[in-house]
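Next comes coords.pdb, a file with PDB, N, CA and C atoms.
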ATOM      1  N   MET G   1      31.965 -19.773  -0.739  1.00  0.00           N
ATOM      2  CA  MET G   1      30.693 -19.301  -0.272  1.00  0.00           C
ATOM      3  C   MET G   1      29.805 -19.026  -1.485  1.00  0.00           C
ATOM      4  N   ARG G   2      28.594 -19.530  -1.459  1.00  0.00           N
ATOM      5  CA  ARG G   2      27.657 -19.334  -2.556  1.00  0.00           C
ATOM      6  C   ARG G   2      26.842 -18.067  -2.335  1.00  0.00           C
ATOM      7  N   ILE G   3      26.468 -17.430  -3.413  1.00  0.00           N
ATOM      8  CA  ILE G   3      25.606 -16.256  -3.343  1.00  0.00           C
ATOM      9  C   ILE G   3      24.171 -16.717  -3.507  1.00  0.00           C
ATOM     10  N   ARG G   4      23.337 -16.309  -2.560  1.00  0.00           N
ATOM     11  CA  ARG G   4      21.935 -16.713  -2.603  1.00  0.00           C
ATOM     12  C   ARG G   4      21.099 -15.671  -3.334  1.00  0.00           C
ATOM     13  N   SER G   5      20.201 -16.142  -4.157  1.00  0.00           N
ATOM     14  CA  SER G   5      19.304 -15.259  -4.883  1.00  0.00           C
ATOM     15  C   SER G   5      17.962 -15.221  -4.167  1.00  0.00           C
ATOM     16  N   THR G   6      17.500 -14.014  -3.833  1.00  0.00           N
ATOM     17  CA  THR G   6      16.192 -13.871  -3.193  1.00  0.00           C
ATOM     18  C   THR G   6      15.406 -12.780  -3.899  1.00  0.00           C
ATOM     19  N   GLU G   7      14.104 -12.891  -3.860  1.00  0.00           N
ATOM     20  CA  GLU G   7      13.221 -11.893  -4.446  1.00  0.00           C
ATOM     21  C   GLU G   7      12.767 -10.864  -3.419  1.00  0.00           C
ATOM     22  N   THR G   8      12.874 -11.176  -2.141  1.00  0.00           N
ATOM     23  CA  THR G   8      12.404 -10.249  -1.118  1.00  0.00           C
ATOM     24  C   THR G   8      13.551  -9.385  -0.619  1.00  0.00           C
ATOM     25  N   VAL G   9      13.206  -8.181  -0.257  1.00  0.00           N
ATOM     26  CA  VAL G   9      14.177  -7.249   0.301  1.00  0.00           C
ATOM     27  C   VAL G   9      13.711  -6.917   1.706  1.00  0.00           C
ATOM     28  N   THR G  10      14.598  -7.079   2.671  1.00  0.00           N
ATOM     29  CA  THR G  10      14.221  -6.733   4.034  1.00  0.00           C
ATOM     30  C   THR G  10      14.500  -5.264   4.257  1.00  0.00           C
ATOM     31  N   ARG G  11      13.518  -4.578   4.781  1.00  0.00           N
ATOM     32  CA  ARG G  11      13.641  -3.151   5.016  1.00  0.00           C
ATOM     33  C   ARG G  11      13.254  -2.847   6.444  1.00  0.00           C
ATOM     34  N   GLY G  12      13.685  -1.709   6.907  1.00  0.00           N
ATOM     35  CA  GLY G  12      13.363  -1.284   8.255  1.00  0.00           C
ATOM     36  C   GLY G  12      11.915  -0.845   8.370  1.00  0.00           C
ATOM     37  N   PRO G  13      11.472  -0.507   9.578  1.00  0.00           N
ATOM     38  CA  PRO G  13      10.071  -0.137   9.778  1.00  0.00           C
ATOM     39  C   PRO G  13       9.667   1.135   9.046  1.00  0.00           C
ATOM     40  N   GLY G  14      10.615   2.002   8.722  1.00  0.00           N
ATOM     41  CA  GLY G  14      10.295   3.225   8.005  1.00  0.00           C
ATOM     42  C   GLY G  14       9.846   2.983   6.575  1.00  0.00           C
ATOM     43  N   PHE G  15      10.145   1.827   6.026  1.00  0.00           N
ATOM     44  CA  PHE G  15       9.767   1.513   4.657  1.00  0.00           C
ATOM     45  C   PHE G  15       8.533   0.622   4.579  1.00  0.00           C
ATOM     46  N   ASP G  16       7.939   0.285   5.700  1.00  0.00           N
ATOM     47  CA  ASP G  16       6.738  -0.538   5.712  1.00  0.00           C
ATOM     48  C   ASP G  16       5.564   0.291   5.194  1.00  0.00           C
ATOM     49  N   ALA G  17       4.805  -0.235   4.245  1.00  0.00           N
ATOM     50  CA  ALA G  17       3.720   0.521   3.615  1.00  0.00           C
ATOM     51  C   ALA G  17       2.640   0.902   4.620  1.00  0.00           C
ATOM     52  N   GLU G  18       2.269  -0.007   5.507  1.00  0.00           N
ATOM     53  CA  GLU G  18       1.213   0.289   6.481  1.00  0.00           C
ATOM     54  C   GLU G  18       1.666   1.357   7.470  1.00  0.00           C
ATOM     55  N   TYR G  19       2.898   1.267   7.925  1.00  0.00           N
ATOM     56  CA  TYR G  19       3.449   2.248   8.856  1.00  0.00           C
ATOM     57  C   TYR G  19       3.523   3.627   8.207  1.00  0.00           C
ATOM     58  N   THR G  20       3.944   3.674   6.960  1.00  0.00           N
ATOM     59  CA  THR G  20       4.064   4.937   6.246  1.00  0.00           C
ATOM     60  C   THR G  20       2.689   5.542   5.978  1.00  0.00           C
ATOM     61  N   ALA G  21       1.706   4.715   5.621  1.00  0.00           N
ATOM     62  CA  ALA G  21       0.350   5.214   5.400  1.00  0.00           C
ATOM     63  C   ALA G  21      -0.239   5.785   6.691  1.00  0.00           C
ATOM     64  N   ALA G  22       0.033   5.142   7.814  1.00  0.00           N
ATOM     65  CA  ALA G  22      -0.431   5.656   9.101  1.00  0.00           C
ATOM     66  C   ALA G  22       0.237   6.982   9.430  1.00  0.00           C
ATOM     67  N   SER G  23       1.505   7.123   9.078  1.00  0.00           N
ATOM     68  CA  SER G  23       2.222   8.377   9.316  1.00  0.00           C
ATOM     69  C   SER G  23       1.650   9.503   8.461  1.00  0.00           C
ATOM     70  N   ILE G  24       1.267   9.187   7.234  1.00  0.00           N
ATOM     71  CA  ILE G  24       0.652  10.191   6.363  1.00  0.00           C
ATOM     72  C   ILE G  24      -0.686  10.636   6.940  1.00  0.00           C
ATOM     73  N   ALA G  25      -1.477   9.692   7.436  1.00  0.00           N
ATOM     74  CA  ALA G  25      -2.771  10.028   8.039  1.00  0.00           C
ATOM     75  C   ALA G  25      -2.586  10.905   9.279  1.00  0.00           C
ATOM     76  N   GLU G  26      -1.587  10.600  10.086  1.00  0.00           N
ATOM     77  CA  GLU G  26      -1.306  11.410  11.270  1.00  0.00           C
ATOM     78  C   GLU G  26      -0.874  12.820  10.879  1.00  0.00           C
ATOM     79  N   LEU G  27      -0.078  12.934   9.830  1.00  0.00           N
ATOM     80  CA  LEU G  27       0.359  14.238   9.346  1.00  0.00           C
ATOM     81  C   LEU G  27      -0.835  15.056   8.853  1.00  0.00           C
ATOM     82  N   GLU G  28      -1.769  14.408   8.177  1.00  0.00           N
ATOM     83  CA  GLU G  28      -2.978  15.085   7.704  1.00  0.00           C
ATOM     84  C   GLU G  28      -3.811  15.598   8.879  1.00  0.00           C
ATOM     85  N   GLN G  29      -3.881  14.830   9.949  1.00  0.00           N
ATOM     86  CA  GLN G  29      -4.616  15.258  11.142  1.00  0.00           C
ATOM     87  C   GLN G  29      -3.955  16.472  11.779  1.00  0.00           C
ATOM     88  N   GLN G  30      -2.628  16.481  11.823  1.00  0.00           N
ATOM     89  CA  GLN G  30      -1.908  17.616  12.381  1.00  0.00           C
ATOM     90  C   GLN G  30      -2.146  18.873  11.541  1.00  0.00           C
ATOM     91  N   ARG G  31      -2.193  18.701  10.234  1.00  0.00           N
ATOM     92  CA  ARG G  31      -2.437  19.844   9.344  1.00  0.00           C
ATOM     93  C   ARG G  31      -3.844  20.384   9.540  1.00  0.00           C
ATOM     94  N   ALA G  32      -4.826  19.490   9.650  1.00  0.00           N
ATOM     95  CA  ALA G  32      -6.212  19.912   9.845  1.00  0.00           C
ATOM     96  C   ALA G  32      -6.399  20.639  11.182  1.00  0.00           C
ATOM     97  N   ALA G  33      -5.653  20.234  12.190  1.00  0.00           N
ATOM     98  CA  ALA G  33      -5.745  20.857  13.510  1.00  0.00           C
ATOM     99  C   ALA G  33      -4.910  22.132  13.604  1.00  0.00           C
ATOM    100  N   GLY G  34      -4.100  22.437  12.581  1.00  0.00           N
ATOM    101  CA  GLY G  34      -3.275  23.627  12.581  1.00  0.00           C
ATOM    102  C   GLY G  34      -2.046  23.518  13.465  1.00  0.00           C
ATOM    103  N   GLN G  35      -1.582  22.303  13.720  1.00  0.00           N
ATOM    104  CA  GLN G  35      -0.436  22.072  14.596  1.00  0.00           C
ATOM    105  C   GLN G  35       0.900  22.110  13.862  1.00  0.00           C
ATOM    106  N   ILE G  36       0.872  22.249  12.541  1.00  0.00           N
ATOM    107  CA  ILE G  36       2.108  22.194  11.762  1.00  0.00           C
ATOM    108  C   ILE G  36       2.088  23.313  10.721  1.00  0.00           C
ATOM    109  N   GLU G  37       3.241  23.898  10.477  1.00  0.00           N
ATOM    110  CA  GLU G  37       3.353  24.967   9.484  1.00  0.00           C
ATOM    111  C   GLU G  37       3.212  24.389   8.078  1.00  0.00           C
ATOM    112  N   PRO G  38       2.689  25.176   7.134  1.00  0.00           N
ATOM    113  CA  PRO G  38       2.495  24.670   5.762  1.00  0.00           C
ATOM    114  C   PRO G  38       3.778  24.178   5.104  1.00  0.00           C
ATOM    115  N   HIS G  39       4.889  24.884   5.293  1.00  0.00           N
ATOM    116  CA  HIS G  39       6.150  24.470   4.660  1.00  0.00           C
ATOM    117  C   HIS G  39       6.641  23.145   5.234  1.00  0.00           C
ATOM    118  N   ALA G  40       6.569  22.999   6.547  1.00  0.00           N
ATOM    119  CA  ALA G  40       6.986  21.748   7.186  1.00  0.00           C
ATOM    120  C   ALA G  40       6.080  20.604   6.757  1.00  0.00           C
ATOM    121  N   TYR G  41       4.787  20.890   6.617  1.00  0.00           N
ATOM    122  CA  TYR G  41       3.840  19.872   6.155  1.00  0.00           C
ATOM    123  C   TYR G  41       4.233  19.364   4.769  1.00  0.00           C
ATOM    124  N   LEU G  42       4.537  20.278   3.847  1.00  0.00           N
ATOM    125  CA  LEU G  42       4.881  19.879   2.480  1.00  0.00           C
ATOM    126  C   LEU G  42       6.156  19.038   2.442  1.00  0.00           C
ATOM    127  N   ILE G  43       7.161  19.426   3.208  1.00  0.00           N
ATOM    128  CA  ILE G  43       8.416  18.674   3.225  1.00  0.00           C
ATOM    129  C   ILE G  43       8.206  17.270   3.784  1.00  0.00           C
ATOM    130  N   LYS G  44       7.485  17.172   4.899  1.00  0.00           N
ATOM    131  CA  LYS G  44       7.234  15.862   5.509  1.00  0.00           C
ATOM    132  C   LYS G  44       6.353  14.993   4.621  1.00  0.00           C
ATOM    133  N   LYS G  45       5.347  15.587   4.006  1.00  0.00           N
ATOM    134  CA  LYS G  45       4.448  14.826   3.136  1.00  0.00           C
ATOM    135  C   LYS G  45       5.211  14.277   1.930  1.00  0.00           C
ATOM    136  N   GLN G  46       6.089  15.088   1.345  1.00  0.00           N
ATOM    137  CA  GLN G  46       6.881  14.646   0.200  1.00  0.00           C
ATOM    138  C   GLN G  46       7.761  13.451   0.573  1.00  0.00           C
ATOM    139  N   ALA G  47       8.407  13.518   1.731  1.00  0.00           N
ATOM    140  CA  ALA G  47       9.268  12.420   2.169  1.00  0.00           C
ATOM    141  C   ALA G  47       8.454  11.158   2.433  1.00  0.00           C
ATOM    142  N   LEU G  48       7.299  11.302   3.067  1.00  0.00           N
ATOM    143  CA  LEU G  48       6.467  10.128   3.357  1.00  0.00           C
ATOM    144  C   LEU G  48       5.906   9.498   2.087  1.00  0.00           C
ATOM    145  N   VAL G  49       5.537  10.310   1.125  1.00  0.00           N
ATOM    146  CA  VAL G  49       5.021   9.770  -0.143  1.00  0.00           C
ATOM    147  C   VAL G  49       6.115   9.002  -0.875  1.00  0.00           C
ATOM    148  N   ARG G  50       7.344   9.529  -0.855  1.00  0.00           N
ATOM    149  CA  ARG G  50       8.459   8.796  -1.468  1.00  0.00           C
ATOM    150  C   ARG G  50       8.675   7.443  -0.793  1.00  0.00           C
ATOM    151  N   LEU G  51       8.638   7.424   0.534  1.00  0.00           N
ATOM    152  CA  LEU G  51       8.802   6.158   1.257  1.00  0.00           C
ATOM    153  C   LEU G  51       7.679   5.187   0.922  1.00  0.00           C
ATOM    154  N   TYR G  52       6.458   5.702   0.822  1.00  0.00           N
ATOM    155  CA  TYR G  52       5.322   4.847   0.506  1.00  0.00           C
ATOM    156  C   TYR G  52       5.468   4.256  -0.899  1.00  0.00           C
ATOM    157  N   LEU G  53       5.883   5.078  -1.853  1.00  0.00           N
ATOM    158  CA  LEU G  53       6.073   4.570  -3.214  1.00  0.00           C
ATOM    159  C   LEU G  53       7.181   3.524  -3.277  1.00  0.00           C
ATOM    160  N   LYS G  54       8.251   3.740  -2.539  1.00  0.00           N
ATOM    161  CA  LYS G  54       9.338   2.758  -2.515  1.00  0.00           C
ATOM    162  C   LYS G  54       8.891   1.439  -1.923  1.00  0.00           C
ATOM    163  N   SER G  55       7.985   1.495  -0.955  1.00  0.00           N
ATOM    164  CA  SER G  55       7.562   0.264  -0.303  1.00  0.00           C
ATOM    165  C   SER G  55       6.480  -0.470  -1.081  1.00  0.00           C
ATOM    166  N   THR G  56       5.792   0.218  -1.989  1.00  0.00           N
ATOM    167  CA  THR G  56       4.695  -0.427  -2.701  1.00  0.00           C
ATOM    168  C   THR G  56       4.986  -0.730  -4.160  1.00  0.00           C
ATOM    169  N   THR G  57       6.108  -0.280  -4.693  1.00  0.00           N
ATOM    170  CA  THR G  57       6.428  -0.536  -6.095  1.00  0.00           C
ATOM    171  C   THR G  57       7.763  -1.256  -6.209  1.00  0.00           C
ATOM    172  N   LYS G  58       7.952  -1.903  -7.323  1.00  0.00           N
ATOM    173  CA  LYS G  58       9.197  -2.616  -7.582  1.00  0.00           C
ATOM    174  C   LYS G  58       9.707  -2.192  -8.959  1.00  0.00           C
ATOM    175  N   PRO G  59      10.503  -1.108  -9.006  1.00  0.00           N
ATOM    176  CA  PRO G  59      10.961  -0.619 -10.311  1.00  0.00           C
ATOM    177  C   PRO G  59      11.943  -1.584 -10.969  1.00  0.00           C
ATOM    178  N   ARG G  60      11.911  -1.597 -12.279  1.00  0.00           N
ATOM    179  CA  ARG G  60      12.842  -2.415 -13.054  1.00  0.00           C
ATOM    180  C   ARG G  60      13.714  -1.496 -13.885  1.00  0.00           C
ATOM    181  N   ARG G  61      14.972  -1.844 -13.985  1.00  0.00           N
ATOM    182  CA  ARG G  61      15.897  -1.053 -14.798  1.00  0.00           C
ATOM    183  C   ARG G  61      15.866  -1.533 -16.236  1.00  0.00           C
ATOM    184  N   ARG G  62      16.040  -0.559 -17.127  1.00  0.00           N
ATOM    185  CA  ARG G  62      16.142  -0.902 -18.542  1.00  0.00           C
ATOM    186  C   ARG G  62      17.584  -1.247 -18.867  1.00  0.00           C
ATOM    187  N   PRO G  63      17.811  -2.070 -19.870  1.00  0.00           N
ATOM    188  CA  PRO G  63      19.189  -2.372 -20.281  1.00  0.00           C
ATOM    189  C   PRO G  63      19.907  -1.105 -20.736  1.00  0.00           C
ATOM    190  N   ARG G  64      21.224  -1.098 -20.605  1.00  0.00           N
ATOM    191  CA  ARG G  64      22.012   0.078 -20.983  1.00  0.00           C
ATOM    192  C   ARG G  64      21.866   0.423 -22.458  1.00  0.00           C
ATOM    193  N   TRP G  65      21.694  -0.560 -23.314  1.00  0.00           N
ATOM    194  CA  TRP G  65      21.604  -0.276 -24.737  1.00  0.00           C
ATOM    195  C   TRP G  65      20.317   0.473 -25.066  1.00  0.00           C
ATOM    196  N   ASP G  66      19.386   0.549 -24.133  1.00  0.00           N
ATOM    197  CA  ASP G  66      18.139   1.274 -24.324  1.00  0.00           C
ATOM    198  C   ASP G  66      18.311   2.780 -24.113  1.00  0.00           C
ATOM    199  N   GLU G  67      19.360   3.181 -23.420  1.00  0.00           N
ATOM    200  CA  GLU G  67      19.567   4.579 -23.054  1.00  0.00           C
ATOM    201  C   GLU G  67      20.463   5.290 -24.053  1.00  0.00           C
ATOM    202  N   GLY G  68      20.317   6.617 -24.107  1.00  0.00           N
ATOM    203  CA  GLY G  68      21.241   7.438 -24.872  1.00  0.00           C
ATOM    204  C   GLY G  68      21.030   7.404 -26.373  1.00  0.00           C
ATOM    205  N   ASP G  69      21.910   8.124 -27.043  1.00  0.00           N
ATOM    206  CA  ASP G  69      21.863   8.200 -28.510  1.00  0.00           C
ATOM    207  C   ASP G  69      22.577   7.003 -29.119  1.00  0.00           C
ATOM    208  N   GLN G  70      22.025   6.524 -30.206  1.00  0.00           N
ATOM    209  CA  GLN G  70      22.678   5.405 -30.900  1.00  0.00           C
ATOM    210  C   GLN G  70      22.742   5.663 -32.358  1.00  0.00           C
TER     211      GLN G  70
END
Give the structure from the file, written as structure tokens.
Amino acid sequence: MRIRSTETVTRGPGFDAEYTAASIAELEQQRAAGQIEPHAYLIKKQALVRLYLKSTTKPRRRPRWDEGDQ
């Protein structure tokens, strides 16, 4: 069996940038209307921002010889 190389990563709907941005906008509306507690708002916003960053960026790892003391 051969291993296929692909550049795309398939992710679930929770990692879709448009879906996550819409969720952030909905959370902001709930905060403005006073429907959510400040602590819950901060926790949910932090999680949504992380998901949005994961869906919109493609981090690259540095080689191991770049890390640590030499």
Exercise for the section: Neighbourhood query: residues within 6.5 Å of (1.6, 2.7, 1.0), file coordinates, counting only N, CA and C atoms; return as a PyMOL selection string. Expected result: chain G and resi 16-18+20-21+52-53+55-56
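Relative to atom C of Thr57 in chain G, atom C of Leu42 in chain G is found at 22.1 Å.
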Practice task
Mind giving me the straight-line distance from atom C of Pro38 in chain G to CA of Ile24 in chain G in Å, one decimal?
Solution key: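 If I compute the distance from atom C of Pro38 in chain G to CA of Ile24 in chain G, I get 14.4 Å.
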Exercise for the section: Find the distance between atom N of Ala32 in chain G and atom N of Arg50 in chain G and write it in Å to one decimal. Expected result: 18.9 Å
Exercise for the section: Rank nothing, just name the residue among G:Pro63, G:Leu48, G:Ala40, G:Lys58 nearest to Ser23 in chain G, using all atoms listed in the file. Expected result: G:Leu48
Excluding Arg31 in chain G and residues on its chain fewer than 4 positions from it, collect all residues at most 12 Å away from it, counting only C-alpha atoms, and give them as a tab-separated table (two decimals) with N, CA and C atoms, in the coordinates of the input.
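Output saved as result_14.tsv:
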chain	number	residue	atom	x	y	z
G	24	ILE	N	1.27	9.19	7.23
G	24	ILE	CA	0.65	10.19	6.36
G	24	ILE	C	-0.69	10.64	6.94
G	25	ALA	N	-1.48	9.69	7.44
G	25	ALA	CA	-2.77	10.03	8.04
G	25	ALA	C	-2.59	10.90	9.28
G	26	GLU	N	-1.59	10.60	10.09
G	26	GLU	CA	-1.31	11.41	11.27
G	26	GLU	C	-0.87	12.82	10.88
G	27	LEU	N	-0.08	12.93	9.83
G	27	LEU	CA	0.36	14.24	9.35
G	27	LEU	C	-0.84	15.06	8.85
G	35	GLN	N	-1.58	22.30	13.72
G	35	GLN	CA	-0.44	22.07	14.60
G	35	GLN	C	0.90	22.11	13.86
G	36	ILE	N	0.87	22.25	12.54
G	36	ILE	CA	2.11	22.19	11.76
G	36	ILE	C	2.09	23.31	10.72
G	37	GLU	N	3.24	23.90	10.48
G	37	GLU	CA	3.35	24.97	9.48
G	37	GLU	C	3.21	24.39	8.08
G	38	PRO	N	2.69	25.18	7.13
G	38	PRO	CA	2.50	24.67	5.76
G	38	PRO	C	3.78	24.18	5.10
G	39	HIS	N	4.89	24.88	5.29
G	39	HIS	CA	6.15	24.47	4.66
G	39	HIS	C	6.64	23.14	5.23
G	40	ALA	N	6.57	23.00	6.55
G	40	ALA	CA	6.99	21.75	7.19
G	40	ALA	C	6.08	20.60	6.76
G	41	TYR	N	4.79	20.89	6.62
G	41	TYR	CA	3.84	19.87	6.16
G	41	TYR	C	4.23	19.36	4.77
G	42	LEU	N	4.54	20.28	3.85
G	42	LEU	CA	4.88	19.88	2.48
G	42	LEU	C	6.16	19.04	2.44
G	44	LYS	N	7.48	17.17	4.90
G	44	LYS	CA	7.23	15.86	5.51
G	44	LYS	C	6.35	14.99	4.62
G	45	LYS	N	5.35	15.59	4.01
G	45	LYS	CA	4.45	14.83	3.14
G	45	LYS	C	5.21	14.28	1.93
